[in-house]
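> This is the structure I have questions about; it appears just below.
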Amino acid sequence: MRVRHIEFLLEEPSMEAFLNQVLPRMLGNRITFSLHAYQGKTDLLGKLENRLRGYARWLPPDTRIVVLLDRDDSDCNALKARMEGAAQAAALRTRSTARTSDAVDWQVATRIAIEELEAWYFGCWNAVCHAYPRVKPGACRQAAYRLPDAIAGGTWEALELLLQRAGYHTGGLRKVEAANEIGRHFEHDACTSPSFARLRDVLRELRAVPRQPE
């Protein structure tokens with residue numbers, strides 16, 4: 001059965017703003033989506049199992065759920081296990097435990113931004129430069145920023161520093177505003193962040209589910 005809709009559970013409004021810009025280009029007109037942002041990781045994790053139990057009572061066969069969190073300074077394996085455990089407790093099939101990665105075999109995919117959303121911006125620095133033209137195009141080639149998912153000291157802090165050097169966000173990084181501005185120019189196929197690529201793979205998989213005769 002063709003996947004027609006995706007429910008996204010997100011930890012904060014900046015990810016919601018970013019995906020609102022990017023998902024229409026990634027999904028085209030084949031799949032609709034809804035974004036549900038929480039007030040941080042603790043809020044989402046605390047409510048995740050009950051939210052998924054609610055989905056389990058009505059989830060149509062043509063709908064999938066994607067749970068997306070920032071790793072921050074959490075242990076990645078432990079965070080993934082907690083997300084997976086919430087889905088399994090709600091009796092929903094996860095992509096990680098499905099027989100195959102075919103979207104017909106799972107209902108929930110859990111994904112982690114490493115270490116946070118801003119790492120994805122470093123993986124598509126052209127989008128940052130288009131959103132903020134005074135930013136140096138070569139900044140992402142510095143050794144400290146070359147590997148988006150391995151930037152030390154926090155990726156939002158690194159982004160804030162580079163934007164402020166160019167005269168933007170001088171009072172502090174306004175995350176939702178930056179997500180909207182950068183998201184408008186984000187080239188999802190070109191992003192070099194491995195954690196973004198894992199989300200991209202899931203969405204490509206969902207788009208590729210063949211239409212069945214109705």
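Residue numbering restarts at 1 in every chain; chains get A, B, ... in the order shown in the structure tokens, and ligands count up from 1 in that same order.
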Give the strand (DSSP E) residues of range 34-76 of chain A, as DSSP finds them on the backbone, and put them as a PyMOL selection string.
chain A and resi 34-37+63-70
> Smallest atom-to-atom distance to Gly40 in chain A: which of A:Asp70, A:Ala166, A:Ala131, A:His185, using only C-alpha atoms?
A:Asp70
> Quick one: pull the distance between CA of Met15 in chain A and CA of Leu68 in chain A, Å, one decimal.
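Answer for the CA of Met15 in chain A to CA of Leu68 in chain A separation: 8.9 Å.
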> Enumerate, as a tab-separated table (two decimals) with N, CA, C and O atoms, in the first residue's frame, the complete set of residues in range 27-201 of chain A that a backbone-based DSSP assignment places in helix (DSSP H, G or I).

chain	number	residue	atom	x	y	z
A	27	LEU	N	9.23	15.43	-0.09
A	27	LEU	CA	8.11	14.51	-0.24
A	27	LEU	C	7.28	14.78	-1.48
A	27	LEU	O	6.51	13.93	-1.92
A	41	LYS	N	13.54	17.73	24.76
A	41	LYS	CA	13.71	16.28	24.74
A	41	LYS	C	13.02	15.60	25.92
A	41	LYS	O	12.35	14.57	25.77
A	42	THR	N	13.18	16.19	27.11
A	42	THR	CA	12.56	15.58	28.30
A	42	THR	C	11.05	15.51	28.16
A	42	THR	O	10.42	14.50	28.51
A	43	ASP	N	10.45	16.56	27.63
A	43	ASP	CA	9.00	16.60	27.43
A	43	ASP	C	8.56	15.51	26.46
A	43	ASP	O	7.64	14.74	26.75
A	44	LEU	N	9.24	15.41	25.33
A	44	LEU	CA	8.84	14.40	24.34
A	44	LEU	C	9.05	12.98	24.85
A	44	LEU	O	8.16	12.13	24.74
A	45	LEU	N	10.22	12.72	25.43
A	45	LEU	CA	10.48	11.37	25.92
A	45	LEU	C	9.50	10.98	27.02
A	45	LEU	O	9.07	9.82	27.10
A	46	GLY	N	9.14	11.93	27.86
A	46	GLY	CA	8.21	11.63	28.94
A	46	GLY	C	6.80	11.31	28.46
A	46	GLY	O	6.06	10.60	29.14
A	47	LYS	N	6.46	11.81	27.29
A	47	LYS	CA	5.11	11.60	26.76
A	47	LYS	C	5.07	10.62	25.59
A	47	LYS	O	3.98	10.30	25.10
A	48	LEU	N	6.23	10.15	25.17
A	48	LEU	CA	6.31	9.40	23.92
A	48	LEU	C	5.50	8.11	23.94
A	48	LEU	O	4.72	7.84	23.02
A	49	GLU	N	5.65	7.31	24.99
A	49	GLU	CA	4.94	6.03	24.99
A	49	GLU	C	3.44	6.22	24.94
A	49	GLU	O	2.74	5.55	24.15
A	50	ASN	N	2.90	7.14	25.75
A	50	ASN	CA	1.46	7.38	25.72
A	50	ASN	C	1.00	7.91	24.38
A	50	ASN	O	-0.09	7.54	23.88
A	51	ARG	N	1.81	8.79	23.77
A	51	ARG	CA	1.44	9.32	22.46
A	51	ARG	C	1.40	8.20	21.42
A	51	ARG	O	0.47	8.11	20.60
A	52	LEU	N	2.37	7.31	21.48
A	52	LEU	CA	2.40	6.21	20.53
A	52	LEU	C	1.28	5.21	20.79
A	52	LEU	O	0.72	4.63	19.85
A	53	ARG	N	0.92	5.01	22.05
A	53	ARG	CA	-0.23	4.15	22.35
A	53	ARG	C	-1.50	4.73	21.74
A	53	ARG	O	-2.38	3.99	21.25
A	54	GLY	N	-1.61	6.05	21.78
A	54	GLY	CA	-2.76	6.70	21.15
A	54	GLY	C	-2.78	6.46	19.65
A	54	GLY	O	-3.83	6.14	19.07
A	55	TYR	N	-1.61	6.59	19.01
A	55	TYR	CA	-1.54	6.31	17.58
A	55	TYR	C	-1.92	4.87	17.28
A	55	TYR	O	-2.60	4.58	16.28
A	56	ALA	N	-1.46	3.95	18.12
A	56	ALA	CA	-1.69	2.53	17.86
A	56	ALA	C	-3.17	2.18	17.78
A	56	ALA	O	-3.56	1.21	17.11
A	76	CYS	N	24.11	7.95	22.52
A	76	CYS	CA	23.28	7.72	21.33
A	76	CYS	C	22.55	6.37	21.40
A	76	CYS	O	21.36	6.28	21.10
A	77	ASN	N	23.26	5.33	21.83
A	77	ASN	CA	22.64	4.01	21.89
A	77	ASN	C	21.54	3.95	22.92
A	77	ASN	O	20.48	3.35	22.69
A	78	ALA	N	21.77	4.59	24.07
A	78	ALA	CA	20.75	4.60	25.12
A	78	ALA	C	19.52	5.38	24.68
A	78	ALA	O	18.37	4.99	24.95
A	79	LEU	N	19.74	6.52	24.00
A	79	LEU	CA	18.62	7.32	23.53
A	79	LEU	C	17.82	6.56	22.49
A	79	LEU	O	16.58	6.54	22.53
A	80	LYS	N	18.51	5.92	21.56
A	80	LYS	CA	17.83	5.13	20.54
A	80	LYS	C	17.03	4.00	21.18
A	80	LYS	O	15.87	3.74	20.79
A	81	ALA	N	17.61	3.33	22.17
A	81	ALA	CA	16.93	2.23	22.83
A	81	ALA	C	15.67	2.71	23.54
A	81	ALA	O	14.63	2.03	23.54
A	82	ARG	N	15.73	3.89	24.13
A	82	ARG	CA	14.55	4.42	24.81
A	82	ARG	C	13.44	4.75	23.82
A	82	ARG	O	12.26	4.46	24.07
A	83	MET	N	13.78	5.34	22.69
A	83	MET	CA	12.79	5.64	21.66
A	83	MET	C	12.18	4.36	21.11
A	83	MET	O	10.95	4.24	20.95
A	84	GLU	N	13.03	3.38	20.82
A	84	GLU	CA	12.55	2.11	20.29
A	84	GLU	C	11.67	1.40	21.31
A	84	GLU	O	10.64	0.81	20.97
A	85	GLY	N	12.08	1.46	22.58
A	85	GLY	CA	11.31	0.80	23.63
A	85	GLY	C	9.92	1.38	23.78
A	85	GLY	O	8.94	0.64	24.03
A	86	ALA	N	9.79	2.69	23.63
A	86	ALA	CA	8.47	3.32	23.72
A	86	ALA	C	7.56	2.84	22.61
A	86	ALA	O	6.37	2.58	22.83
A	87	ALA	N	8.11	2.70	21.41
A	87	ALA	CA	7.31	2.21	20.28
A	87	ALA	C	6.89	0.76	20.49
A	87	ALA	O	5.73	0.39	20.25
A	88	GLN	N	7.83	-0.04	20.94
A	88	GLN	CA	7.51	-1.45	21.15
A	88	GLN	C	6.50	-1.64	22.27
A	88	GLN	O	5.62	-2.51	22.20
A	89	ALA	N	6.60	-0.80	23.32
A	89	ALA	CA	5.62	-0.88	24.40
A	89	ALA	C	4.23	-0.51	23.92
A	89	ALA	O	3.23	-0.97	24.49
A	103	ALA	N	9.06	-0.26	3.70
A	103	ALA	CA	8.13	0.52	4.51
A	103	ALA	C	6.82	-0.21	4.80
A	103	ALA	O	6.07	0.21	5.69
A	104	VAL	N	6.54	-1.29	4.09
A	104	VAL	CA	5.32	-2.03	4.41
A	104	VAL	C	5.48	-2.81	5.69
A	104	VAL	O	4.49	-3.28	6.27
A	105	ASP	N	6.71	-2.99	6.17
A	105	ASP	CA	6.96	-3.83	7.33
A	105	ASP	C	7.08	-3.08	8.64
A	105	ASP	O	7.29	-3.69	9.68
A	117	LEU	N	20.16	19.75	15.47
A	117	LEU	CA	19.73	20.24	14.17
A	117	LEU	C	20.79	21.06	13.46
A	117	LEU	O	20.99	20.92	12.24
A	118	GLU	N	21.47	21.92	14.18
A	118	GLU	CA	22.42	22.83	13.53
A	118	GLU	C	23.56	22.11	12.81
A	118	GLU	O	24.17	22.66	11.90
A	119	ALA	N	23.84	20.86	13.20
A	119	ALA	CA	24.86	20.10	12.46
A	119	ALA	C	24.44	19.90	11.01
A	119	ALA	O	25.28	19.87	10.10
A	120	TRP	N	23.14	19.78	10.78
A	120	TRP	CA	22.66	19.60	9.41
A	120	TRP	C	22.93	20.84	8.57
A	120	TRP	O	23.18	20.74	7.37
A	121	TYR	N	22.90	22.01	9.21
A	121	TYR	CA	23.22	23.24	8.46
A	121	TYR	C	24.68	23.23	8.00
A	121	TYR	O	24.98	23.66	6.89
A	122	PHE	N	25.56	22.77	8.88
A	122	PHE	CA	26.98	22.68	8.48
A	122	PHE	C	27.16	21.70	7.32
A	122	PHE	O	28.10	21.85	6.53
A	125	TRP	N	26.30	23.95	3.83
A	125	TRP	CA	26.74	25.31	4.13
A	125	TRP	C	26.27	26.31	3.09
A	125	TRP	O	26.09	27.49	3.39
A	126	ASN	N	26.04	25.86	1.85
A	126	ASN	CA	25.51	26.77	0.83
A	126	ASN	C	24.19	27.39	1.27
A	126	ASN	O	23.91	28.56	0.96
A	127	ALA	N	23.38	26.61	1.98
A	127	ALA	CA	22.10	27.13	2.45
A	127	ALA	C	22.31	28.24	3.47
A	127	ALA	O	21.58	29.25	3.47
A	128	VAL	N	23.30	28.07	4.35
A	128	VAL	CA	23.61	29.11	5.33
A	128	VAL	C	24.07	30.38	4.61
A	128	VAL	O	23.65	31.49	4.94
A	129	CYS	N	24.91	30.21	3.60
A	129	CYS	CA	25.44	31.37	2.87
A	129	CYS	C	24.35	32.09	2.07
A	129	CYS	O	24.40	33.32	1.94
A	130	HIS	N	23.38	31.36	1.55
A	130	HIS	CA	22.28	32.00	0.86
A	130	HIS	C	21.38	32.74	1.83
A	130	HIS	O	20.88	33.84	1.53
A	131	ALA	N	21.16	32.14	3.00
A	131	ALA	CA	20.31	32.79	4.00
A	131	ALA	C	20.99	34.01	4.62
A	131	ALA	O	20.33	35.00	4.95
A	137	PRO	N	31.86	31.69	2.71
A	137	PRO	CA	31.56	30.38	2.12
A	137	PRO	C	32.55	29.29	2.54
A	137	PRO	O	32.19	28.12	2.60
A	138	GLY	N	33.79	29.68	2.82
A	138	GLY	CA	34.80	28.67	3.16
A	138	GLY	C	34.83	28.28	4.62
A	138	GLY	O	35.63	27.43	5.00
A	139	ALA	N	33.95	28.85	5.43
A	139	ALA	CA	34.00	28.57	6.87
A	139	ALA	C	33.82	27.09	7.17
A	139	ALA	O	34.47	26.55	8.08
A	140	CYS	N	32.98	26.41	6.41
A	140	CYS	CA	32.70	25.00	6.70
A	140	CYS	C	33.88	24.10	6.36
A	140	CYS	O	33.89	22.92	6.74
A	141	ARG	N	34.88	24.65	5.65
A	141	ARG	CA	36.06	23.83	5.31
A	141	ARG	C	37.14	23.89	6.37
A	141	ARG	O	38.15	23.18	6.27
A	143	ALA	N	38.97	22.97	9.73
A	143	ALA	CA	39.06	21.64	10.35
A	143	ALA	C	38.00	21.43	11.43
A	143	ALA	O	37.46	20.33	11.56
A	144	ALA	N	37.68	22.48	12.18
A	144	ALA	CA	36.73	22.34	13.28
A	144	ALA	C	35.32	22.05	12.81
A	144	ALA	O	34.50	21.52	13.57
A	145	TYR	N	35.01	22.39	11.54
A	145	TYR	CA	33.63	22.28	11.06
A	145	TYR	C	33.48	21.31	9.88
A	145	TYR	O	32.38	21.16	9.34
A	148	PRO	N	30.28	17.54	9.97
A	148	PRO	CA	29.14	18.18	10.63
A	148	PRO	C	28.70	17.51	11.93
A	148	PRO	O	28.35	18.18	12.89
A	149	ASP	N	28.73	16.17	11.96
A	149	ASP	CA	28.24	15.45	13.13
A	149	ASP	C	29.31	15.28	14.21
A	149	ASP	O	29.06	14.63	15.22
A	150	ALA	N	30.49	15.86	13.99
A	150	ALA	CA	31.58	15.71	14.96
A	150	ALA	C	32.12	17.05	15.43
A	150	ALA	O	33.23	17.12	15.95
A	155	THR	N	26.97	22.39	18.21
A	155	THR	CA	26.84	22.94	16.86
A	155	THR	C	26.05	24.24	16.83
A	155	THR	O	26.32	25.09	15.98
A	156	TRP	N	25.10	24.42	17.72
A	156	TRP	CA	24.38	25.70	17.67
A	156	TRP	C	25.29	26.83	18.14
A	156	TRP	O	25.24	27.94	17.62
A	157	GLU	N	26.17	26.52	19.11
A	157	GLU	CA	27.13	27.54	19.54
A	157	GLU	C	28.10	27.89	18.41
A	157	GLU	O	28.46	29.05	18.22
A	158	ALA	N	28.53	26.88	17.66
A	158	ALA	CA	29.44	27.12	16.54
A	158	ALA	C	28.77	27.95	15.46
A	158	ALA	O	29.37	28.88	14.90
A	159	LEU	N	27.51	27.61	15.16
A	159	LEU	CA	26.78	28.38	14.16
A	159	LEU	C	26.58	29.82	14.63
A	159	LEU	O	26.77	30.77	13.86
A	160	GLU	N	26.20	29.98	15.88
A	160	GLU	CA	26.00	31.33	16.43
A	160	GLU	C	27.28	32.16	16.28
A	160	GLU	O	27.23	33.33	15.86
A	161	LEU	N	28.42	31.58	16.59
A	161	LEU	CA	29.70	32.29	16.50
A	161	LEU	C	29.97	32.76	15.08
A	161	LEU	O	30.33	33.93	14.85
A	162	LEU	N	29.78	31.88	14.11
A	162	LEU	CA	30.07	32.24	12.72
A	162	LEU	C	29.08	33.28	12.19
A	162	LEU	O	29.47	34.18	11.42
A	163	LEU	N	27.83	33.17	12.60
A	163	LEU	CA	26.85	34.18	12.18
A	163	LEU	C	27.14	35.53	12.82
A	163	LEU	O	27.03	36.58	12.15
A	164	GLN	N	27.52	35.52	14.08
A	164	GLN	CA	27.81	36.78	14.75
A	164	GLN	C	29.04	37.46	14.16
A	164	GLN	O	29.09	38.69	14.06
A	165	ARG	N	30.02	36.68	13.77
A	165	ARG	CA	31.21	37.26	13.12
A	165	ARG	C	30.83	37.97	11.82
A	165	ARG	O	31.51	38.91	11.40
A	175	LYS	N	16.84	30.55	17.10
A	175	LYS	CA	16.86	29.25	16.44
A	175	LYS	C	15.72	29.06	15.45
A	175	LYS	O	15.92	28.50	14.35
A	176	VAL	N	14.53	29.47	15.80
A	176	VAL	CA	13.39	29.27	14.90
A	176	VAL	C	13.55	30.13	13.65
A	176	VAL	O	13.31	29.67	12.52
A	177	GLU	N	13.98	31.37	13.84
A	177	GLU	CA	14.22	32.25	12.70
A	177	GLU	C	15.29	31.66	11.78
A	177	GLU	O	15.13	31.64	10.54
A	178	ALA	N	16.39	31.19	12.36
A	178	ALA	CA	17.46	30.59	11.55
A	178	ALA	C	16.97	29.34	10.82
A	178	ALA	O	17.32	29.11	9.65
A	179	ALA	N	16.15	28.54	11.49
A	179	ALA	CA	15.62	27.33	10.86
A	179	ALA	C	14.78	27.66	9.64
A	179	ALA	O	14.86	26.99	8.60
A	180	ASN	N	13.97	28.70	9.75
A	180	ASN	CA	13.16	29.12	8.61
A	180	ASN	C	14.03	29.63	7.47
A	180	ASN	O	13.85	29.26	6.30
A	181	GLU	N	14.99	30.50	7.80
A	181	GLU	CA	15.81	31.12	6.77
A	181	GLU	C	16.70	30.09	6.06
A	181	GLU	O	16.79	30.06	4.84
A	182	ILE	N	17.36	29.25	6.83
A	182	ILE	CA	18.26	28.25	6.24
A	182	ILE	C	17.45	27.16	5.55
A	182	ILE	O	17.82	26.68	4.47
A	183	GLY	N	16.34	26.78	6.15
A	183	GLY	CA	15.50	25.74	5.57
A	183	GLY	C	15.01	26.08	4.17
A	183	GLY	O	14.85	25.19	3.32
A	184	ARG	N	14.77	27.36	3.91
A	184	ARG	CA	14.30	27.77	2.57
A	184	ARG	C	15.30	27.43	1.47
A	184	ARG	O	14.93	27.21	0.32
A	185	HIS	N	16.59	27.40	1.84
A	185	HIS	CA	17.64	27.18	0.85
A	185	HIS	C	18.30	25.80	0.97
A	185	HIS	O	19.21	25.49	0.20
A	194	PRO	N	25.87	12.78	8.20
A	194	PRO	CA	25.42	11.39	8.21
A	194	PRO	C	24.07	11.19	8.91
A	194	PRO	O	23.26	10.37	8.46
A	195	SER	N	23.81	11.95	9.98
A	195	SER	CA	22.54	11.75	10.68
A	195	SER	C	21.37	12.29	9.85
A	195	SER	O	20.28	11.73	9.88
A	196	PHE	N	21.60	13.37	9.08
A	196	PHE	CA	20.55	13.81	8.17
A	196	PHE	C	20.33	12.77	7.07
A	196	PHE	O	19.19	12.51	6.67
A	197	ALA	N	21.41	12.18	6.59
A	197	ALA	CA	21.29	11.17	5.54
A	197	ALA	C	20.41	10.00	5.99
A	197	ALA	O	19.67	9.43	5.18
A	198	ARG	N	20.46	9.67	7.27
A	198	ARG	CA	19.64	8.56	7.77
A	198	ARG	C	18.15	8.92	7.75
A	198	ARG	O	17.30	8.08	7.45
A	199	LEU	N	17.84	10.18	8.05
A	199	LEU	CA	16.46	10.63	7.92
A	199	LEU	C	16.07	10.65	6.45
A	199	LEU	O	14.98	10.20	6.07
A	200	ARG	N	16.95	11.16	5.60
A	200	ARG	CA	16.67	11.23	4.16
A	200	ARG	C	16.39	9.84	3.59
A	200	ARG	O	15.48	9.67	2.76
A	201	ASP	N	17.14	8.84	4.05
A	201	ASP	CA	16.93	7.47	3.57
A	201	ASP	C	15.52	6.98	3.90
A	201	ASP	O	14.88	6.32	3.07
> In Å, with one decimal, what is the gap from CA of Val202 in chain A to CA of Arg64 in chain A?
10.5 Å
> From the list A:Gly123, A:Gly154, A:Pro60, A:Pro24, which residue is nearest Cys191 in chain A when using only C-alpha atoms?
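With only C-alpha atoms as the atom set, the closest residue is A:Gly123.
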> Could you give me, as a list in words, the residues within 6 Å of range 31-38 of chain A, counting only C-alpha atoms and dropping anything in the same chain fewer than 3 positions from it?
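Contacts, with the query itself left out: Arg4, His5, Ile6, Glu7, Phe8, Leu9, Leu10, Glu11, Glu12, Pro13, Leu27 and Leu44 of chain A.
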> How would the residues just chosen look if you wrote them out with C-alpha atoms as a PDB file, in the first residue's frame?

ATOM      1  CA  ARG A   4       0.142   8.782   2.049  1.00  0.00           C
ATOM      2  CA  HIS A   5       0.904  10.520   5.338  1.00  0.00           C
ATOM      3  CA  ILE A   6       3.680  10.854   7.940  1.00  0.00           C
ATOM      4  CA  GLU A   7       3.305  12.019  11.536  1.00  0.00           C
ATOM      5  CA  PHE A   8       6.485  13.624  12.909  1.00  0.00           C
ATOM      6  CA  LEU A   9       7.135  13.889  16.660  1.00  0.00           C
ATOM      7  CA  LEU A  10       9.814  16.522  17.319  1.00  0.00           C
ATOM      8  CA  GLU A  11      11.489  17.848  20.415  1.00  0.00           C
ATOM      9  CA  GLU A  12      11.357  21.576  19.674  1.00  0.00           C
ATOM     10  CA  PRO A  13       9.897  24.329  17.464  1.00  0.00           C
ATOM     11  CA  LEU A  27       8.108  14.506  -0.242  1.00  0.00           C
ATOM     12  CA  LEU A  44       8.840  14.403  24.344  1.00  0.00           C
TER      13      LEU A  44
END
> In Å, rounded to a single decimal, give me how far CA of Asp75 in chain A is from CA of Glu115 in chain A.
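About the pair CA of Glu115 in chain A and CA of Asp75 in chain A: they are 10.5 Å apart.
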> Given only C-alpha atoms as the basis, pick out the residue of A:Ile65, A:Leu173, A:Leu147, A:Val3 nearest to Ile114 in chain A.
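Smallest separation from Ile114 in chain A among the options: A:Leu147.
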